[in-house]
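**Q** work_12.cif is the file, holding mmCIF, C-alpha atoms:
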```
data_protein
#
loop_
_atom_site.label_atom_id
_atom_site.label_comp_id
_atom_site.auth_asym_id
_atom_site.auth_seq_id
_atom_site.Cartn_x
_atom_site.Cartn_y
_atom_site.Cartn_z
CA MET A 74 12.39 -14.86 -8.71
CA ALA A 75 15.85 -13.70 -9.72
CA LEU A 76 15.08 -10.11 -8.81
CA LEU A 77 13.97 -10.94 -5.28
CA ASN A 78 16.47 -13.67 -4.50
CA ARG A 79 19.71 -11.92 -5.35
CA PRO A 80 22.50 -12.41 -2.79
CA VAL A 81 23.31 -9.43 -0.61
CA ARG A 82 26.52 -7.86 -1.86
CA GLY A 83 28.66 -4.91 -1.03
CA ALA A 84 27.40 -1.76 -2.64
CA ALA A 85 30.77 -0.42 -3.74
CA SER A 86 32.14 -3.75 -4.91
CA ARG A 87 31.03 -7.17 -5.97
CA GLU A 88 32.31 -8.70 -2.75
CA PRO A 89 30.04 -9.63 0.19
CA ILE A 90 29.58 -6.92 2.79
CA ASP A 91 31.65 -7.24 5.92
CA VAL A 92 28.79 -6.91 8.39
CA SER A 93 31.18 -6.64 11.32
CA ARG A 94 32.38 -3.30 9.95
CA GLU A 95 28.90 -1.82 9.77
CA THR A 96 26.79 -0.15 12.40
CA SER A 97 23.02 -0.27 12.46
CA SER A 98 22.82 3.52 12.53
CA PRO A 99 22.08 5.27 9.22
CA TRP A 100 23.32 8.65 10.44
CA PRO A 101 26.98 8.41 9.33
CA GLY A 102 25.88 7.59 5.78
CA LEU A 103 23.15 10.21 5.75
CA GLY A 104 25.64 12.77 7.01
CA LEU A 105 28.04 11.87 4.22
CA ALA A 106 25.20 12.12 1.69
CA ALA A 107 24.30 15.57 3.04
CA ALA A 108 27.92 16.66 2.65
CA GLY A 109 27.88 15.33 -0.90
CA VAL A 110 24.72 17.30 -1.69
CA LEU A 111 26.27 20.48 -0.32
CA ALA A 112 29.36 19.93 -2.46
CA ALA A 113 27.23 19.21 -5.55
CA TRP A 114 25.16 22.35 -4.94
CA SER A 115 28.34 24.40 -4.63
CA VAL A 116 29.71 23.02 -7.89
CA HIS A 117 26.41 23.77 -9.63
CA ARG A 118 26.44 27.35 -8.35
CA LEU A 119 29.97 27.85 -9.65
CA ALA A 120 29.26 26.05 -12.94
CA PRO A 121 25.51 26.28 -13.73
CA TRP A 122 25.97 24.13 -16.83
CA ALA A 123 26.74 21.16 -14.54
CA PRO A 124 23.42 19.69 -13.27
CA MET A 125 23.41 19.13 -9.51
CA LEU A 126 22.04 15.61 -9.86
CA THR A 127 24.81 14.62 -12.25
CA VAL A 128 27.45 16.12 -9.97
CA SER A 129 25.96 14.21 -7.02
CA VAL A 130 26.41 10.90 -8.85
CA LEU A 131 30.00 11.74 -9.75
CA LEU A 132 30.84 12.76 -6.20
CA GLY A 133 29.34 9.54 -4.90
CA ILE A 134 31.50 7.55 -7.31
CA ALA A 135 34.57 9.53 -6.22
CA ALA A 136 33.82 8.93 -2.53
CA ALA A 137 33.63 5.18 -3.14
CA HIS A 138 37.13 5.14 -4.67
CA LEU A 139 39.12 7.63 -2.57
CA PRO A 140 41.64 5.61 -0.52
CA GLY A 141 40.99 7.56 2.68
CA LEU A 142 37.20 7.35 2.37
CA ARG A 143 36.59 4.04 0.63
CA GLY A 144 36.51 1.94 3.80
CA PHE A 145 34.08 4.32 5.49
CA VAL A 146 31.76 4.26 2.46
CA ARG A 147 31.75 0.46 2.28
CA GLY A 148 31.38 -0.07 6.01
CA THR A 149 30.06 2.42 8.56
CA ALA A 150 28.32 4.69 6.03
CA ARG A 151 26.75 1.92 3.96
CA PRO A 152 23.39 1.65 5.80
CA GLY A 153 22.72 5.38 5.52
CA LEU A 154 23.84 5.57 1.89
CA SER A 155 21.60 2.66 0.97
CA LEU A 156 18.73 4.27 2.86
CA ALA A 157 19.27 7.49 0.90
CA GLY A 158 19.26 5.58 -2.38
CA ARG A 159 15.91 3.95 -1.53
CA ARG A 160 13.77 6.02 0.81
CA LEU A 161 14.89 9.53 -0.11
CA MET A 162 14.54 8.63 -3.79
CA ARG A 163 10.90 7.66 -3.24
CA ILE A 164 10.07 10.87 -1.36
CA GLY A 165 11.72 12.90 -4.12
CA ILE A 166 9.65 11.11 -6.77
CA VAL A 167 6.45 11.93 -4.85
CA LEU A 168 7.40 15.62 -4.76
CA LEU A 169 8.12 15.48 -8.49
CA GLY A 170 4.36 15.12 -8.98
CA LEU A 171 3.93 18.70 -7.76
CA ALA A 172 5.78 19.88 -10.86
CA LEU A 173 3.00 18.60 -13.10
CA GLY A 174 0.56 21.19 -14.33
CA LEU A 175 -1.85 18.69 -15.88
CA ASP A 176 -4.30 21.38 -16.96
CA GLU A 177 -1.54 23.22 -18.82
CA VAL A 178 -0.28 20.02 -20.42
CA LEU A 179 -3.71 19.18 -21.83
CA ARG A 180 -3.93 22.62 -23.48
CA LEU A 181 -1.39 21.41 -26.03
CA GLY A 182 -4.09 19.23 -27.58
CA TRP A 183 -4.61 15.52 -28.00
CA ALA A 184 -2.46 15.37 -31.14
CA THR A 185 0.57 16.46 -29.13
CA VAL A 186 -0.37 14.07 -26.31
CA ALA A 187 -0.49 11.19 -28.82
CA MET A 188 2.81 12.29 -30.34
CA VAL A 189 4.57 12.32 -26.97
CA ALA A 190 3.10 8.93 -26.04
CA ALA A 191 4.34 7.47 -29.32
CA VAL A 192 7.83 8.92 -28.81
CA VAL A 193 8.00 7.53 -25.27
CA ALA A 194 6.87 4.08 -26.42
CA ALA A 195 9.25 3.97 -29.40
CA THR A 196 12.22 5.14 -27.32
CA PHE A 197 11.52 2.78 -24.42
CA LEU A 198 10.89 -0.35 -26.46
CA GLY A 199 13.66 0.34 -28.98
CA THR A 200 16.29 1.04 -26.31
CA LEU A 201 15.23 -1.95 -24.21
CA TRP A 202 15.44 -4.29 -27.21
CA LEU A 203 18.83 -2.99 -28.33
CA GLY A 204 20.26 -3.09 -24.80
CA ARG A 205 19.37 -6.75 -24.50
CA ARG A 206 20.80 -7.51 -27.92
CA LEU A 207 24.06 -5.85 -26.86
CA GLY A 208 24.16 -8.09 -23.81
CA LEU A 209 24.24 -5.38 -21.13
CA PRO A 210 24.11 -6.98 -17.68
CA GLY A 211 21.44 -6.78 -15.02
CA ASP A 212 18.71 -4.19 -15.38
CA GLN A 213 20.81 -1.69 -17.34
CA PRO A 214 18.73 -2.05 -20.56
CA LEU A 215 15.50 -1.41 -18.61
CA LEU A 216 16.91 1.52 -16.64
CA ILE A 217 18.58 3.24 -19.60
CA ALA A 218 15.41 2.83 -21.67
CA THR A 219 13.40 4.40 -18.86
CA GLY A 220 15.78 7.33 -18.44
CA TYR A 221 15.83 8.19 -22.13
CA SER A 222 12.09 7.85 -22.66
CA ILE A 223 10.78 9.68 -19.55
CA CYS A 224 12.83 12.04 -17.40
CA GLY A 225 16.37 10.88 -16.85
CA ALA A 226 17.65 10.20 -13.33
CA SER A 227 14.25 10.60 -11.64
CA ALA A 228 12.63 7.97 -13.86
CA ILE A 229 15.55 5.57 -13.42
CA GLY A 230 15.27 5.91 -9.67
CA ALA A 231 11.52 5.33 -9.72
CA VAL A 232 11.70 2.18 -11.86
CA SER A 233 14.61 0.79 -9.86
CA GLN A 234 12.44 0.90 -6.73
CA VAL A 235 10.02 -1.64 -8.20
CA SER A 236 12.42 -3.70 -10.31
CA GLY A 237 14.82 -4.48 -7.45
CA SER A 238 17.77 -3.27 -9.50
CA ASP A 239 21.34 -3.37 -8.19
CA GLU A 240 22.60 0.00 -7.00
CA GLU A 241 25.53 -0.21 -9.41
CA ASP A 242 23.22 -0.72 -12.40
CA VAL A 243 21.20 2.31 -11.30
CA ALA A 244 24.23 4.57 -10.84
CA SER A 245 25.86 3.63 -14.15
CA SER A 246 22.56 4.15 -16.01
CA VAL A 247 22.07 7.56 -14.40
CA ALA A 248 25.60 8.58 -15.35
CA LEU A 249 25.10 7.60 -19.00
CA VAL A 250 21.69 9.23 -19.39
CA THR A 251 22.70 12.48 -17.73
CA LEU A 252 25.86 12.67 -19.84
CA CYS A 253 23.87 12.44 -23.07
CA GLY A 254 21.30 14.91 -21.78
CA THR A 255 24.05 17.38 -20.95
CA LEU A 256 25.54 17.03 -24.43
CA ALA A 257 22.11 17.88 -25.87
CA ILE A 258 22.38 21.37 -24.38
CA ALA A 259 25.23 22.12 -26.79
CA VAL A 260 24.19 20.02 -29.81
CA LEU A 261 20.44 20.59 -30.30
CA PRO A 262 20.49 24.41 -30.65
CA LEU A 263 22.97 24.00 -33.52
CA LEU A 264 20.43 21.82 -35.36
CA GLN A 265 17.43 24.16 -35.21
CA ALA A 266 18.22 26.07 -38.40
CA PRO A 267 19.41 23.07 -40.48
CA LEU A 268 16.25 21.15 -39.54
CA GLY A 269 14.03 24.11 -40.41
CA LEU A 270 12.28 24.33 -37.04
CA SER A 271 10.48 27.45 -35.87
CA ASP A 272 10.99 28.50 -32.25
CA PRO A 273 7.80 26.78 -30.96
CA GLU A 274 8.60 23.65 -32.99
CA PHE A 275 12.13 23.63 -31.60
CA GLY A 276 10.72 23.90 -28.09
CA ARG A 277 8.42 20.91 -28.62
CA TRP A 278 11.31 18.92 -30.11
CA VAL A 279 13.51 19.68 -27.10
CA GLY A 280 10.74 18.83 -24.64
CA ALA A 281 10.08 15.50 -26.35
CA SER A 282 13.73 14.44 -26.71
CA VAL A 283 15.85 15.81 -23.83
CA HIS A 284 15.84 13.83 -20.60
CA ASP A 285 16.07 15.99 -17.47
CA VAL A 286 13.79 19.00 -16.88
CA GLY A 287 16.77 21.25 -16.12
CA GLN A 288 18.47 20.18 -19.33
CA VAL A 289 15.27 20.93 -21.26
CA VAL A 290 15.19 24.45 -19.86
CA ALA A 291 18.87 25.04 -20.60
CA THR A 292 18.48 23.81 -24.20
CA ALA A 293 15.16 25.48 -25.11
CA GLN A 294 15.94 28.91 -23.66
CA THR A 295 18.44 29.47 -26.47
CA ALA A 296 15.46 29.96 -28.83
CA GLY A 297 13.56 32.40 -26.62
CA PRO A 298 10.60 32.34 -24.21
CA GLY A 299 8.16 30.91 -26.77
CA ALA A 300 10.31 27.85 -27.31
CA LEU A 301 10.93 27.51 -23.58
CA GLY A 302 7.22 27.47 -22.73
CA GLU A 303 6.46 24.80 -25.33
CA ALA A 304 9.44 22.71 -24.23
CA VAL A 305 8.47 22.69 -20.55
CA LEU A 306 4.86 21.73 -21.27
CA VAL A 307 5.85 18.85 -23.54
CA LYS A 308 8.43 17.73 -21.01
CA LEU A 309 5.86 17.71 -18.22
CA MET A 310 3.68 15.56 -20.44
CA ARG A 311 6.50 13.01 -20.58
CA VAL A 312 6.89 13.19 -16.80
CA ALA A 313 3.17 12.41 -16.46
CA MET A 314 3.86 9.07 -18.16
CA LEU A 315 6.22 8.06 -15.36
CA ALA A 316 3.40 6.69 -13.21
CA PRO A 317 1.91 4.28 -15.78
CA LEU A 318 5.39 3.08 -16.77
CA VAL A 319 6.38 2.35 -13.16
CA ALA A 320 3.04 0.65 -12.55
CA ALA A 321 3.59 -1.53 -15.63
CA VAL A 322 7.03 -2.56 -14.40
CA ALA A 323 5.58 -3.30 -10.96
CA PHE A 324 2.89 -5.53 -12.48
CA SER A 325 5.54 -7.32 -14.56
CA VAL A 326 7.70 -8.00 -11.51
CA ARG A 327 4.65 -9.09 -9.52
CA ALA A 328 3.61 -11.53 -12.28
CA ARG A 329 7.17 -12.91 -12.55
CA ASN A 330 7.28 -13.49 -8.82
CA ARG A 331 3.71 -14.68 -8.33
CA GLY A 332 3.29 -16.26 -4.93
CA VAL A 333 6.47 -14.72 -3.52
CA ARG A 334 5.97 -12.69 -0.34
CA THR A 335 8.05 -9.90 1.08
CA SER A 336 10.09 -10.28 4.27
CA SER A 337 7.08 -8.98 6.22
CA GLY A 338 4.92 -11.83 4.90
CA ARG A 339 2.87 -9.65 2.54
CA ARG A 340 2.71 -9.88 -1.22
CA PRO A 341 4.21 -6.87 -3.07
CA ALA A 342 1.68 -4.11 -3.71
CA PRO A 343 0.37 -4.05 -7.30
CA VAL A 344 0.99 -0.29 -7.44
CA PRO A 345 3.87 1.01 -5.27
CA LEU A 346 2.93 3.51 -2.59
CA PHE A 347 5.30 6.16 -3.90
CA VAL A 348 3.63 5.96 -7.34
CA ALA A 349 0.27 6.59 -5.68
CA GLY A 350 1.90 9.50 -3.87
CA PHE A 351 3.22 10.86 -7.17
CA LEU A 352 -0.28 10.80 -8.66
CA ALA A 353 -1.78 12.36 -5.53
CA ALA A 354 0.78 15.18 -5.65
CA ALA A 355 -0.03 15.80 -9.32
CA ALA A 356 -3.75 15.91 -8.51
CA LEU A 357 -3.08 18.36 -5.67
CA ARG A 358 -1.11 20.61 -8.01
CA ALA A 359 -3.98 20.54 -10.51
CA THR A 360 -6.39 21.96 -7.92
CA GLY A 361 -4.47 25.24 -7.92
CA THR A 362 -4.73 25.54 -4.15
CA LEU A 363 -1.00 25.45 -3.46
CA PRO A 364 0.70 28.86 -3.35
CA ASP A 365 3.74 29.49 -5.50
CA VAL A 366 6.01 29.66 -2.46
CA ALA A 367 4.94 26.14 -1.43
CA LEU A 368 5.69 24.83 -4.92
CA GLU A 369 9.09 26.49 -4.85
CA TRP A 370 9.95 24.91 -1.50
CA ALA A 371 8.72 21.53 -2.74
CA HIS A 372 10.91 21.83 -5.83
CA THR A 373 13.93 22.66 -3.70
CA ALA A 374 13.22 19.72 -1.39
CA GLN A 375 12.80 17.44 -4.39
CA GLU A 376 16.17 18.48 -5.83
CA LEU A 377 17.95 17.98 -2.50
CA LEU A 378 16.36 14.59 -1.83
CA LEU A 379 17.12 13.27 -5.30
CA ALA A 380 20.68 14.59 -5.08
CA ALA A 381 21.19 12.76 -1.77
CA ALA A 382 19.71 9.59 -3.25
CA LEU A 383 21.94 9.78 -6.32
CA PHE A 384 25.01 10.39 -4.17
CA GLY A 385 24.14 7.20 -2.32
CA LEU A 386 23.69 5.34 -5.59
CA GLY A 387 26.92 6.76 -6.98
CA SER A 388 28.80 5.43 -3.96
CA ALA A 389 27.72 1.95 -5.07
CA VAL A 390 29.60 2.12 -8.37
CA HIS A 391 32.65 -0.09 -8.80
CA LEU A 392 34.57 1.37 -11.74
CA PRO A 393 36.53 -1.77 -12.72
CA THR A 394 33.24 -3.64 -13.07
CA LEU A 395 31.61 -0.75 -14.91
CA SER A 396 34.46 -0.53 -17.41
CA ARG A 397 33.74 -4.05 -18.67
CA THR A 398 30.47 -2.89 -20.25
CA GLY A 399 31.39 0.76 -20.84
CA GLY A 400 31.73 0.43 -24.62
CA ARG A 401 28.43 -1.37 -25.07
CA ALA A 402 26.64 1.03 -22.73
CA ALA A 403 28.02 4.02 -24.64
CA LEU A 404 26.85 2.48 -27.92
CA LEU A 405 23.38 1.95 -26.48
CA GLY A 406 23.31 5.54 -25.20
CA LEU A 407 24.24 6.93 -28.62
CA ALA A 408 21.68 4.74 -30.39
CA ALA A 409 18.94 5.70 -27.91
CA TRP A 410 19.78 9.37 -28.38
CA VAL A 411 19.34 9.01 -32.15
CA VAL A 412 16.04 7.16 -31.65
CA VAL A 413 14.48 9.70 -29.29
CA ALA A 414 15.69 12.70 -31.31
CA GLY A 415 14.52 11.20 -34.61
CA ALA A 416 11.14 10.08 -33.31
CA SER A 417 10.56 13.46 -31.65
CA TYR A 418 11.49 15.36 -34.80
CA ALA A 419 9.09 13.26 -36.88
CA GLY A 420 6.37 13.76 -34.28
CA VAL A 421 6.81 17.54 -34.24
CA LEU A 422 6.58 17.71 -38.04
CA LEU A 423 3.41 15.58 -38.07
CA THR A 424 1.67 17.68 -35.41
CA SER A 425 2.71 21.16 -36.63
#
```
Render the structure in this file as structure tokens.

**A**
Amino acid sequence: MALLNRPVRGAASREPIDVSRETSSPWPGLGLAAAGVLAAWSVHRLAPWAPMLTVSVLLGIAAAHLPGLRGFVRGTARPGLSLAGRRLMRIGIVLLGLALGLDEVLRLGWATVAMVAAVVAATFLGTLWLGRRLGLPGDQPLLIATGYSICGASAIGAVSQVSGSDEEDVASSVALVTLCGTLAIAVLPLLQAPLGLSDPEFGRWVGASVHDVGQVVATAQTAGPGALGEAVLVKLMRVAMLAPLVAAVAFSVRARNRGVRTSSGRRPAPVPLFVAGFLAAAALRATGTLPDVALEWAHTAQELLLAAALFGLGSAVHLPTLSRTGGRAALLGLAAWVVVAGASYAGVLLTS
């Protein structure tokens, strides 16, 4: 009940929204989100080591705190920014399914599939338990656990759609997970030789432990094309587990709110429509009927949509509130990083 009966609050602060300052049109907010995506893309082109999705979150946070822009973000632009954080996120998640080459993933063998499933379960449950023990507020433990165990910002956005999470919890979780994933690009290659991993083993370790697909590519390519191929396949296997995880969260929320109906008078769907779309997109990719150019366009659209959604979520962050749990969140992020790296390393050794 608590998830569905939260009071409506301002996205960039903990104060109620001043409805009189808002318009019903989403276009001002969507226009601002588009400008934020363009700026994030430009930063990424100038500094390829900075993921566009991470930059989008940071720019959204900056927009919410700039004196000349803050009022616009909280008022006129709020409907469009909230729309971007919800609807565009869902469309981007559906397109993410087209990145799944299920036939290629299964070629790794059932031992690797079992290893990845075990790593995902250990990371998710361990991070969720520790986050609650640390007393992190709202859905932060759930969202951080999801981001570390599956695929970073995309997974956090997907789970937040069914958990009813506050925008601020989503944005702060995305920022933490993407920060740790970015650090992995520099740290993990330094550990390959001390840990005694061959190039293919290093690739599988990276794919099983690094969060975002782009970060996986950036980390694994340091060990050559063999490592990169293994890393991407293992990573896609983790992405394939997004659908069952989101469905499980949806069933949990549905059971917690049994008998509660949506504003339209209908009970929440047992499996969200965008999750069904994700699975349908993955099935379509597996048929091999889509040309490479279509997949490339879909990937570009996915990146742009998720960047716009994360800009909208970033604009919901209120830094003074976030700073109150910053130390505990950082501790959880470090602990989760150790868990996923350690479990992945053990899994690689057992399956090699």

**Q** As a check of understanding, name the residues that the PyMOL selection byres ((chain A and resi 384) around 8) selects in the supplied structure, as number ranges by chain.

**A** A: 106, 109-110, 129-134, 154, 158, 380-383, 385-388

**Q** Using only C-alpha atoms, pick whichever of A:Ala353, A:Val322, A:Ala112, A:Ala231 has the shortest atom-to-atom distance to Arg159 in chain A.

**A**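 Answer, going by the shortest atom-to-atom distance: A:Ala231.
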
**Q** I'd like the neighbourhood of range 203-218 of chain A as number ranges by chain, where a residue qualifies if any of its atoms comes within 10 Å (using only C-alpha atoms), though same-chain residues fewer than 4 positions away should be ignored.

**A** A: 76, 193-199, 222-223, 225-226, 228-233, 236-239, 241-250, 322, 397-399, 401-402, 404-406, 408-409

**Q** The PyMOL selection byres ((chain A and resi 315) around 10) on the file shown: which residues, as a list in words?

**A** Ile166, Gly170, Thr219, Ser222, Ile223, Cys224, Ser227, Ala228, Ile229, Ala231, Val232, Met310, Arg311, Val312, Ala313, Met314, Ala316, Pro317, Leu318, Val319, Ala320, Ala321, Val348, Phe351 and Leu352 of chain A

**Q** As JSON, numbers by chain, please: the residues near Val279 in chain A (cut-off 9 Å, all atoms listed in the file, same-chain neighbours under 5 positions excluded).

**A** {"A": [257, 261, 274, 289, 290, 292, 293, 300, 301, 303, 304, 305, 307, 308, 414, 417]}

**Q** Residues as selected, C-alpha atoms, written as a JSON list (two decimals), keeping the file's coordinate frame, can you do that?

**A**
```
[["chain", "number", "residue", "atom", "x", "y", "z"],
["A", 257, "ALA", "CA", 22.11, 17.88, -25.87],
["A", 261, "LEU", "CA", 20.44, 20.59, -30.30],
["A", 274, "GLU", "CA", 8.60, 23.65, -32.99],
["A", 289, "VAL", "CA", 15.27, 20.93, -21.26],
["A", 290, "VAL", "CA", 15.19, 24.45, -19.86],
["A", 292, "THR", "CA", 18.48, 23.81, -24.20],
["A", 293, "ALA", "CA", 15.16, 25.48, -25.11],
["A", 300, "ALA", "CA", 10.31, 27.85, -27.31],
["A", 301, "LEU", "CA", 10.93, 27.51, -23.58],
["A", 303, "GLU", "CA", 6.46, 24.80, -25.33],
["A", 304, "ALA", "CA", 9.44, 22.71, -24.23],
["A", 305, "VAL", "CA", 8.47, 22.69, -20.55],
["A", 307, "VAL", "CA", 5.85, 18.85, -23.54],
["A", 308, "LYS", "CA", 8.43, 17.73, -21.01],
["A", 414, "ALA", "CA", 15.69, 12.70, -31.31],
["A", 417, "SER", "CA", 10.56, 13.46, -31.65]]
```

**Q** Do you have the CA of Gly174 in chain A-CA of Phe324 in chain A distance handy?

**A**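 Between these atoms lies a distance of 26.9 Å.
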